>>> print(open('upload_9.cif').read())   # mmCIF, C-alpha atoms
data_final
loop_
_atom_site.label_atom_id
_atom_site.label_comp_id
_atom_site.auth_asym_id
_atom_site.auth_seq_id
_atom_site.Cartn_x
_atom_site.Cartn_y
_atom_site.Cartn_z
CA MET A 1 -14.11 -23.84 -2.62
CA SER A 2 -17.20 -22.07 -3.92
CA ARG A 3 -18.89 -19.69 -1.56
CA LEU A 4 -22.01 -21.03 0.09
CA ALA A 5 -25.48 -19.57 -0.20
CA THR A 6 -26.37 -17.20 2.62
CA VAL A 7 -29.75 -16.87 4.27
CA SER A 8 -30.91 -14.04 6.47
CA GLU A 9 -32.02 -15.01 9.93
CA GLU A 10 -33.99 -11.92 10.77
CA PRO A 11 -37.77 -11.82 11.32
CA MET A 12 -40.42 -9.93 9.40
CA SER A 13 -43.67 -8.25 10.33
CA GLU A 14 -46.99 -9.07 8.68
CA GLU A 15 -47.10 -5.60 7.17
CA GLU A 16 -43.73 -6.15 5.54
CA ASP A 17 -44.85 -9.54 4.32
CA LYS A 18 -47.64 -7.92 2.27
CA SER A 19 -45.31 -5.60 0.36
CA THR A 20 -44.03 -6.76 -3.03
CA SER A 21 -40.65 -6.54 -4.70
CA SER A 22 -39.05 -7.81 -7.86
CA SER A 23 -35.73 -8.30 -6.11
CA LYS A 24 -34.74 -11.97 -5.89
CA LYS A 25 -32.91 -11.29 -2.65
CA VAL A 26 -35.94 -9.85 -0.93
CA HIS A 27 -38.12 -12.63 -2.37
CA SER A 28 -35.86 -15.36 -0.99
CA TRP A 29 -35.62 -13.57 2.32
CA ARG A 30 -39.40 -13.38 2.63
CA ASN A 31 -39.86 -17.04 1.74
CA TRP A 32 -37.46 -18.00 4.49
CA LEU A 33 -39.12 -15.73 7.02
CA LYS A 34 -42.59 -17.11 6.26
CA ALA A 35 -41.24 -20.56 7.07
CA HIS A 36 -39.24 -19.57 10.11
CA PHE A 37 -39.12 -16.54 12.37
CA THR A 38 -42.73 -15.52 11.83
CA LEU A 39 -43.50 -18.76 13.66
CA VAL A 40 -42.69 -16.92 16.88
CA PHE A 41 -45.91 -14.96 16.65
CA ASN A 42 -48.18 -17.64 15.22
CA LYS A 43 -50.17 -19.44 17.89
CA ASN A 44 -50.18 -22.58 15.72
CA SER A 45 -46.40 -22.52 15.17
CA ASP A 46 -44.07 -25.39 15.75
CA HIS A 47 -42.21 -24.22 18.85
CA LEU A 48 -39.51 -26.81 18.44
CA LYS A 49 -38.31 -25.23 15.20
CA ILE A 50 -37.88 -21.80 16.72
CA LEU A 51 -36.22 -23.28 19.81
CA LEU A 52 -33.67 -25.10 17.68
CA SER A 53 -33.11 -22.07 15.47
CA VAL A 54 -32.45 -19.69 18.35
CA LEU A 55 -30.95 -21.91 21.07
CA GLY A 56 -29.50 -24.74 19.01
CA CYS A 57 -26.24 -23.41 17.58
CA PRO A 58 -25.88 -19.63 17.85
CA LEU A 59 -22.57 -17.99 16.97
CA PHE A 60 -20.45 -15.79 19.20
CA PRO A 61 -20.45 -12.09 18.19
CA VAL A 62 -16.69 -11.79 17.57
CA SER A 63 -14.02 -13.97 16.03
CA VAL A 64 -11.27 -15.76 17.92
CA HIS A 65 -7.86 -14.37 17.06
CA PRO A 66 -4.50 -15.84 18.05
CA GLN A 67 -3.65 -14.69 21.54
CA PRO A 68 -0.14 -13.35 22.21
CA PRO A 69 1.49 -14.60 25.39
CA ILE A 70 0.50 -12.58 28.46
CA ASN A 71 3.58 -11.83 30.53
CA GLU A 72 2.31 -8.96 32.66
CA ALA A 73 -1.05 -7.73 33.85
CA SER A 74 -0.84 -4.66 31.61
CA SER A 75 -4.58 -4.08 31.68
CA SER A 76 -7.57 -4.98 33.78
CA ALA A 77 -8.86 -7.42 31.14
CA GLN A 78 -5.50 -9.16 30.88
CA TYR A 79 -5.28 -9.41 34.66
CA ILE A 80 -8.72 -11.05 34.75
CA MET A 81 -7.66 -13.40 31.96
CA GLN A 82 -4.50 -14.33 33.83
CA HIS A 83 -6.68 -15.27 36.79
CA PHE A 84 -8.97 -17.29 34.50
CA ILE A 85 -6.05 -19.08 32.81
CA ALA A 86 -4.60 -20.00 36.20
CA ALA A 87 -8.00 -21.12 37.53
CA THR A 88 -8.75 -23.38 34.57
CA GLY A 89 -5.20 -24.60 34.02
CA CYS A 90 -5.61 -24.16 30.27
CA ARG A 91 -2.11 -22.77 29.75
CA LYS A 92 -0.77 -26.31 29.87
CA LEU A 93 -2.82 -27.07 26.73
CA GLU A 94 -1.16 -24.38 24.59
CA GLY A 95 0.47 -25.98 21.58
CA LYS A 96 -0.58 -29.45 22.70
CA VAL A 97 -4.29 -29.65 21.91
CA LYS A 98 -5.24 -30.16 18.27
CA ASN A 99 -8.94 -30.91 18.75
CA ILE A 100 -11.70 -31.10 21.33
CA PHE A 101 -14.65 -33.51 21.46
CA ALA A 102 -17.71 -33.18 23.69
CA THR A 103 -21.16 -34.71 24.12
CA GLY A 104 -24.06 -33.41 26.14
CA LYS A 105 -27.80 -33.14 26.73
CA VAL A 106 -30.25 -30.26 26.41
CA SER A 107 -33.79 -29.47 27.52
CA MET A 108 -35.52 -26.58 25.72
CA ALA A 109 -38.87 -24.90 26.23
CA MET A 110 -40.88 -21.85 25.24
CA VAL A 111 -41.53 -19.84 28.39
CA ASP A 112 -44.12 -17.32 27.26
CA GLU A 113 -45.12 -14.85 24.55
CA LEU A 114 -46.27 -11.34 25.43
CA GLY A 115 -47.82 -9.03 22.86
CA GLY A 116 -49.89 -10.11 19.89
CA LEU A 117 -51.39 -13.01 21.86
CA THR A 118 -54.03 -12.69 24.55
CA GLY A 119 -56.11 -14.93 26.77
CA SER A 120 -55.98 -18.63 26.05
CA ALA A 121 -53.72 -18.10 23.04
CA ALA A 122 -51.07 -16.52 25.24
CA ALA A 123 -51.42 -19.28 27.81
CA ALA A 124 -50.97 -21.90 25.12
CA ALA A 125 -47.78 -20.26 23.84
CA ALA A 126 -45.68 -21.80 26.59
CA GLY A 127 -44.76 -25.28 25.43
CA VAL A 128 -43.50 -28.38 27.18
CA ALA A 129 -39.78 -29.03 27.48
CA GLN A 130 -38.14 -30.72 24.51
CA LYS A 131 -35.20 -32.94 25.39
CA GLY A 132 -32.29 -34.02 23.23
CA CYS A 133 -28.55 -34.46 22.93
CA PHE A 134 -25.61 -33.03 20.99
CA VAL A 135 -22.06 -33.80 19.98
CA THR A 136 -19.38 -31.29 19.03
CA TRP A 137 -15.99 -31.54 17.40
CA GLN A 138 -13.55 -28.66 17.30
CA MET A 139 -10.18 -28.32 15.64
CA VAL A 140 -8.17 -25.36 16.88
CA PRO A 141 -8.68 -22.59 16.08
CA ASN A 142 -11.67 -21.96 13.76
CA LYS A 143 -12.94 -25.35 12.60
CA TRP A 144 -15.91 -26.81 14.43
CA LEU A 145 -18.95 -29.02 13.93
CA ILE A 146 -22.05 -29.65 16.04
CA GLU A 147 -24.90 -32.14 15.62
CA LEU A 148 -27.95 -31.48 17.79
CA ALA A 149 -31.00 -33.80 17.92
CA VAL A 150 -34.12 -32.71 19.79
CA GLY A 151 -37.69 -33.96 19.48
CA GLY A 152 -37.11 -35.88 16.27
CA HIS A 153 -35.38 -32.96 14.51
CA LYS A 154 -31.65 -32.80 13.79
CA VAL A 155 -29.69 -29.60 13.28
CA VAL A 156 -26.11 -29.67 12.00
CA ALA A 157 -23.82 -26.64 11.92
CA GLY A 158 -20.14 -26.17 11.29
CA SER A 159 -17.23 -24.07 10.12
CA ASP A 160 -14.36 -25.05 7.86
CA GLY A 161 -12.34 -22.00 8.90
CA ASN A 162 -13.63 -19.92 5.98
CA VAL A 163 -17.39 -19.94 6.36
CA ALA A 164 -19.90 -21.03 9.00
CA TRP A 165 -22.95 -22.97 7.83
CA ARG A 166 -26.05 -24.67 9.20
CA HIS A 167 -28.48 -27.32 7.98
CA THR A 168 -32.01 -27.79 9.31
CA PRO A 169 -34.74 -30.15 8.07
CA TRP A 170 -37.09 -27.23 7.30
CA LEU A 171 -34.58 -24.82 5.71
CA GLY A 172 -31.90 -27.03 4.23
CA ALA A 173 -28.35 -25.67 4.16
CA HIS A 174 -27.43 -22.02 4.52
CA ALA A 175 -24.35 -20.02 5.50
CA ALA A 176 -23.55 -17.12 7.77
CA LYS A 177 -22.27 -13.87 6.37
CA GLY A 178 -19.39 -11.96 7.88
CA GLY A 179 -16.22 -13.25 9.46
CA VAL A 180 -15.90 -16.77 10.81
CA ARG A 181 -16.97 -16.86 14.44
CA PRO A 182 -16.90 -19.59 17.09
CA LEU A 183 -19.86 -21.59 18.29
CA ARG A 184 -21.34 -19.93 21.36
CA ARG A 185 -21.61 -23.27 23.19
CA SER A 186 -17.83 -23.57 23.13
CA LEU A 187 -17.55 -20.25 24.96
CA GLN A 188 -19.91 -21.47 27.70
CA GLY A 189 -17.01 -22.84 29.71
CA LEU A 190 -16.30 -25.72 27.32
CA ASP A 191 -13.18 -24.28 25.63
CA PRO A 192 -11.14 -22.22 28.13
CA MET A 193 -8.41 -21.55 25.56
CA ALA A 194 -10.90 -19.86 23.23
CA ILE A 195 -12.43 -17.94 26.14
CA SER A 196 -9.05 -16.54 27.19
CA ALA A 197 -8.22 -15.61 23.59
CA VAL A 198 -11.50 -13.90 22.81
CA PHE A 199 -11.78 -11.92 26.07
CA SER A 200 -8.16 -10.73 26.35
CA PRO A 201 -8.81 -7.58 24.27
CA ALA A 202 -12.16 -6.95 26.02
CA GLN A 203 -13.11 -3.73 27.79
CA TYR A 204 -13.24 -3.82 31.59
CA MET A 205 -16.66 -2.59 32.76
CA GLY A 206 -16.33 -2.87 36.54
CA GLU A 207 -17.82 -5.25 39.08
CA LYS A 208 -21.27 -6.81 39.49
CA CYS A 209 -22.89 -9.43 41.68
CA ILE A 210 -24.50 -12.27 39.69
CA SER A 211 -26.57 -14.83 41.61
CA GLY A 212 -24.67 -14.03 44.78
CA VAL A 213 -21.24 -14.22 43.11
CA ASP A 214 -19.08 -11.08 42.95
CA CYS A 215 -17.78 -10.81 39.40
CA PHE A 216 -15.52 -8.78 37.17
CA VAL A 217 -17.33 -7.73 33.98
CA LEU A 218 -15.70 -7.70 30.53
CA LYS A 219 -17.38 -6.37 27.38
CA LEU A 220 -16.86 -7.33 23.73
CA THR A 221 -18.45 -5.46 20.83
CA ALA A 222 -18.68 -6.52 17.19
CA ASP A 223 -17.00 -3.87 15.04
CA GLN A 224 -18.89 -1.84 12.47
CA ALA A 225 -17.21 -3.51 9.50
CA ASP A 226 -18.39 -6.93 10.62
CA LEU A 227 -21.89 -5.63 11.37
CA ALA A 228 -22.02 -4.22 7.84
CA ASP A 229 -20.97 -7.59 6.41
CA ARG A 230 -23.80 -9.22 8.36
CA SER A 231 -26.42 -6.77 7.01
CA ASP A 232 -28.20 -6.30 3.69
CA ASN A 233 -30.46 -3.73 2.05
CA THR A 234 -33.46 -4.82 4.14
CA ALA A 235 -32.04 -6.03 7.45
CA GLU A 236 -29.42 -3.92 9.22
CA MET A 237 -27.47 -5.33 12.15
CA ILE A 238 -27.14 -2.32 14.46
CA LYS A 239 -25.17 -3.79 17.34
CA HIS A 240 -23.98 -7.06 18.85
CA VAL A 241 -22.35 -6.98 22.28
CA THR A 242 -21.31 -9.60 24.82
CA PHE A 243 -20.61 -9.39 28.54
CA GLY A 244 -18.53 -12.00 30.33
CA TYR A 245 -18.79 -12.28 34.13
CA PHE A 246 -15.74 -13.78 35.85
CA SER A 247 -15.88 -14.77 39.50
CA GLN A 248 -13.57 -12.63 41.64
CA ARG A 249 -13.01 -15.58 43.97
CA SER A 250 -12.53 -18.53 41.61
CA GLY A 251 -11.52 -16.68 38.45
CA LEU A 252 -13.90 -18.81 36.37
CA LEU A 253 -16.44 -17.59 33.79
CA VAL A 254 -19.80 -17.93 35.53
CA PHE A 255 -22.18 -15.90 33.36
CA LEU A 256 -22.32 -14.96 29.68
CA GLU A 257 -24.74 -12.47 28.17
CA ASP A 258 -25.01 -11.19 24.63
CA SER A 259 -27.51 -9.02 22.82
CA TYR A 260 -28.02 -7.98 19.22
CA LEU A 261 -30.36 -5.42 17.66
CA THR A 262 -31.58 -5.58 14.07
CA ARG A 263 -33.52 -3.02 12.08
CA ILE A 264 -35.87 -4.51 9.47
CA GLN A 265 -37.41 -2.33 6.77
CA SER A 266 -38.93 -3.05 3.39
CA PRO A 267 -39.83 -0.29 0.89
CA GLY A 268 -43.00 1.56 1.79
CA VAL A 269 -43.34 0.40 5.41
CA TYR A 270 -42.13 1.58 8.80
CA PRO A 271 -39.06 -0.14 10.24
CA THR A 272 -39.38 -2.92 12.78
CA TYR A 273 -36.72 -3.54 15.41
CA TRP A 274 -35.82 -6.94 16.80
CA GLU A 275 -33.66 -7.26 19.90
CA THR A 276 -32.50 -10.70 21.00
CA THR A 277 -30.80 -11.20 24.36
CA MET A 278 -29.31 -14.51 25.50
CA ALA A 279 -28.09 -14.99 29.06
CA THR A 280 -26.28 -18.13 30.24
CA GLY A 281 -25.38 -19.21 33.74
CA ILE A 282 -22.29 -21.45 33.68
CA GLU A 283 -21.59 -23.92 36.47
CA ASP A 284 -20.44 -27.40 37.53
CA TYR A 285 -16.77 -26.97 36.62
CA ARG A 286 -14.90 -30.28 36.69
CA MET A 287 -11.32 -31.29 36.01
CA VAL A 288 -10.76 -32.96 32.60
CA GLU A 289 -7.18 -33.98 31.86
CA GLY A 290 -5.95 -31.28 34.23
CA VAL A 291 -8.23 -28.53 32.90
CA MET A 292 -11.39 -27.10 34.47
CA ILE A 293 -14.36 -27.50 32.10
CA ALA A 294 -17.94 -26.34 32.78
CA HIS A 295 -20.37 -29.28 32.72
CA GLY A 296 -23.73 -27.57 33.06
CA GLY A 297 -25.76 -24.40 32.94
CA GLN A 298 -28.97 -22.66 31.97
CA SER A 299 -29.67 -20.25 29.11
CA SER A 300 -32.60 -17.90 28.67
CA VAL A 301 -33.52 -15.92 25.56
CA THR A 302 -35.75 -12.88 25.23
CA ILE A 303 -36.80 -11.73 21.76
CA THR A 304 -38.39 -8.28 21.70
CA ARG A 305 -40.07 -6.84 18.60
CA PHE A 306 -41.06 -3.18 18.49
CA GLY A 307 -41.81 -0.45 15.96
CA ASP A 308 -44.44 2.05 14.82
CA ASN A 309 -46.08 -0.48 12.49
CA LEU A 310 -46.93 -2.96 15.26
CA LYS A 311 -50.57 -2.31 16.16
CA ALA A 312 -50.45 -4.68 19.14
CA GLY A 313 -47.45 -2.88 20.63
CA VAL A 314 -44.25 -4.46 21.86
CA ALA A 315 -44.14 -8.24 21.36
CA ILE A 316 -41.93 -10.39 23.59
CA THR A 317 -41.05 -14.07 23.30
CA ARG A 318 -39.07 -15.94 25.95
CA MET A 319 -37.47 -19.35 25.83
CA ALA A 320 -35.09 -21.31 28.04
CA GLU A 321 -32.60 -24.16 27.91
CA THR A 322 -30.86 -26.36 30.46
CA TRP A 323 -27.70 -28.09 29.25
CA THR A 324 -25.21 -30.58 30.62
CA ILE A 325 -21.92 -31.98 29.34
CA ASP A 326 -21.51 -35.75 29.56
CA ASP A 327 -18.05 -36.26 28.10
CA VAL A 328 -15.06 -34.15 27.02
CA ALA A 329 -11.87 -35.37 25.38
CA PHE A 330 -8.82 -33.75 23.84
CA ASN A 331 -6.82 -34.88 20.80
CA VAL A 332 -9.28 -37.47 19.51
CA ALA A 333 -7.57 -39.74 17.01
CA GLY A 334 -8.95 -39.80 13.47
CA LEU A 335 -10.40 -36.28 13.41
CA SER A 336 -9.21 -34.65 10.18
CA LEU A 337 -9.90 -31.51 8.16
CA ASP A 338 -12.29 -33.52 5.99
CA CYS A 339 -14.71 -33.70 8.92
CA PHE A 340 -15.41 -29.97 8.58
CA ILE A 341 -16.13 -29.80 4.85
CA PRO A 342 -19.69 -28.48 4.25
CA PRO A 343 -22.19 -30.88 2.64
CA LYS A 344 -21.95 -31.15 -1.14
CA GLU A 345 -25.60 -30.22 -1.64
CA MET A 346 -24.86 -26.78 -0.21
CA HIS A 347 -22.74 -25.96 -3.24
CA THR A 348 -25.54 -27.12 -5.53
CA ASP A 349 -28.02 -24.95 -3.66
CA TYR A 350 -25.70 -21.97 -3.99
CA LEU A 351 -25.40 -22.35 -7.73
CA ARG A 352 -29.17 -22.51 -8.03
CA GLU A 353 -29.97 -19.59 -5.71
CA ASN A 354 -26.90 -17.46 -6.48
CA LEU A 355 -27.37 -15.37 -3.35
CA ASP A 356 -24.62 -13.11 -2.08
CA TRP A 357 -26.17 -11.73 1.09
CA GLY A 358 -27.30 -12.83 4.51
CA SER A 359 -27.20 -12.35 8.23
CA PRO A 360 -25.46 -14.27 11.01
CA LEU A 361 -26.60 -17.58 12.42
CA ASN A 362 -27.99 -16.25 15.69
#
>>> encode(input="upload_9.cif", output="structure tokens")
Amino acid sequence: MSRLATVSEEPMSEEEDKSTSSSKKVHSWRNWLKAHFTLVFNKNSDHLKILLSVLGCPLFPVSVHPQPPINEASSSAQYIMQHFIAATGCRKLEGKVKNIFATGKVSMAMVDELGGLTGSAAAAAAGVAQKGCFVTWQMVPNKWLIELAVGGHKVVAGSDGNVAWRHTPWLGAHAAKGGVRPLRRSLQGLDPMAISAVFSPAQYMGEKCISGVDCFVLKLTADQADLADRSDNTAEMIKHVTFGYFSQRSGLLVFLEDSYLTRIQSPGVYPTYWETTMATGIEDYRMVEGVMIAHGGQSSVTITRFGDNLKAGVAITRMAETWTIDDVAFNVAGLSLDCFIPPKEMHTDYLRENLDWGSPLN
């Protein structure tokens, strides 16, 4: 299968936008940014587009690798995962589940924008909640598909096990660079098998109380090789880390937080730094076919832009989402590998653009 076109998902300052370059890569990157992430700081922007781009279908920072059987609590992380596996009952699914299907609802809203906007413009930045629904299909281990419809816009994203891609009405189809990674929504208590696999090699960071719940904290960090694959000559991914908070009492994952920092610099201008932090409270665990699955939660995102070239100082944008799961089913009949093949027009777009760079779908 031909490799898909990749599109950077990193923002750009107005100063950078004024610089010129003959490079086709930089030109394509700027065109995308003008149509997308610069909307965050435009008081006339379509908030729904940025909400869907950031909250709709972000990827997890690290890949899911096959998990060897855990026979002993040889480390703190493995002990915590043993507790999680026992609490969710997901061990009984090993070798038996071929696919997972889920449907749910979302409500998204811009919370506020600080920096760059003042007075009535800042007050107007907070938008009303946009409601919608989604459906996901997942075939173990690295094939997944999500369709999300909110406010009259539909976003589709997926992975065929080799590349992750996304299609939006305003950008068309584009692919993520770097290794194949899982959909973050699946790690929000929806797929306990993937959670146990991805957090088993995590670093134990100690204990912390989250919303009145005493938790064990595990940390995952994207390695430098993957960060390099997700960077290009203008946008450098500096770090991407995730913290998982597991209840000491129940053993369940109750809070998920990840943060990534990107350095943006075009020739002749000072660098701009973008830090995006997403925090998700996970709750309403219910039994589905003998396995505990989270059926609700809230996510909040803070995007911070800073750098010497920003005359207005630090700019901050906040947004939030409430989500619920309506239905979950395992081993849905009729789901085949063909369901995860990227759209044909993506291959056509790749041949036309011939791009070989990009950043992750975050």
>>> resolve_selection(input="upload_9.cif", expression="the PyMOL selection byres ((chain A and resi 103) around 9)", output="VMD selection string")
chain A and resid 101 to 102 104 to 105 133 to 136 324 to 328
>>> resolve_selection(input="upload_9.cif", expression="the PyMOL selection byres ((chain A and resi 85) around 10)", output="list of chain:residue names")
A:Tyr79, A:Ile80, A:Met81, A:Gln82, A:His83, A:Phe84, A:Ala86, A:Ala87, A:Thr88, A:Gly89, A:Cys90, A:Arg91, A:Lys92, A:Pro192, A:Met193, A:Ile195, A:Ser196, A:Gly251, A:Leu252, A:Val291, A:Met292
>>> residues_around(input="upload_9.cif", residues="range 56-66 of chain A", least_positions_apart="4", cutoff="7 Å", atoms="only C-alpha atoms", output="PyMOL selection string")
chain A and resi 51-52+157+179-184+194+197-198+222+240-241+361-362
>>> residues_near_point(input="upload_9.cif", point="(-37.2, -5.3, 20.8)", cutoff="12 Å", atoms="all atoms listed in the file", output="PyMOL selection string")
chain A and resi 11+114-115+259-264+271-277+302-308+310+313-318
>>> residues_near_point(input="upload_9.cif", point="(-27.7, -16.1, 30.7)", cutoff="7 Å", atoms="only C-alpha atoms", output="JSON, numbers by chain")
{"A": [255, 256, 257, 278, 279, 280, 281, 298, 299, 300]}
>>> atom_distance(input="upload_9.cif", atom1="CA of Asn331 in chain A", atom2="CA of Met287 in chain A")
16.3 Å
>>> residues_around(input="upload_9.cif", residues="Ser76 in chain A", least_positions_apart="5", cutoff="10 Å", atoms="all atoms listed in the file", output="NGL selection string")
:A and (81-82 or 200-206 or 216 or 218)
>>> closest_residue(input="upload_9.cif", among="A:Ile50, A:Val217, A:Asn99, A:Val332", to="Trp170 in chain A", atoms="all atoms listed in the file")
A:Ile50
>>> atom_distance(input="upload_9.cif", atom1="CA of Arg230 in chain A", atom2="CA of Ser159 in chain A")
16.3 Å
>>> atom_distance(input="upload_9.cif", atom1="CA of Asn162 in chain A", atom2="CA of Gly178 in chain A")
10.0 Å
>>> resolve_selection(input="upload_9.cif", expression="the PyMOL selection byres ((chain A and resi 338-342) around 8)", output="MDAnalysis selection string")
chainID A and resid 143:145 158:160 165 335:337 343:344 346
>>> closest_residue(input="upload_9.cif", among="A:Ala77, A:Ile293, A:Ala175, A:Ala320", to="Tyr245 in chain A", atoms="all atoms listed in the file")
A:Ala77
>>> residues_around(input="upload_9.cif", residues="Val213 in chain A", least_positions_apart="3", cutoff="10 Å", atoms="all atoms listed in the file", output="PyMOL selection string")
chain A and resi 208-210+216+245-250+254-255
>>> closest_residue(input="upload_9.cif", among="A:Lys154, A:His174, A:Lys219, A:His167", to="Leu48 in chain A", atoms="all atoms listed in the file")
A:Lys154
>>> closest_residue(input="upload_9.cif", among="A:Ala333, A:Val140, A:Ala164, A:Ala109", to="Asp191 in chain A", atoms="only C-alpha atoms")
A:Val140
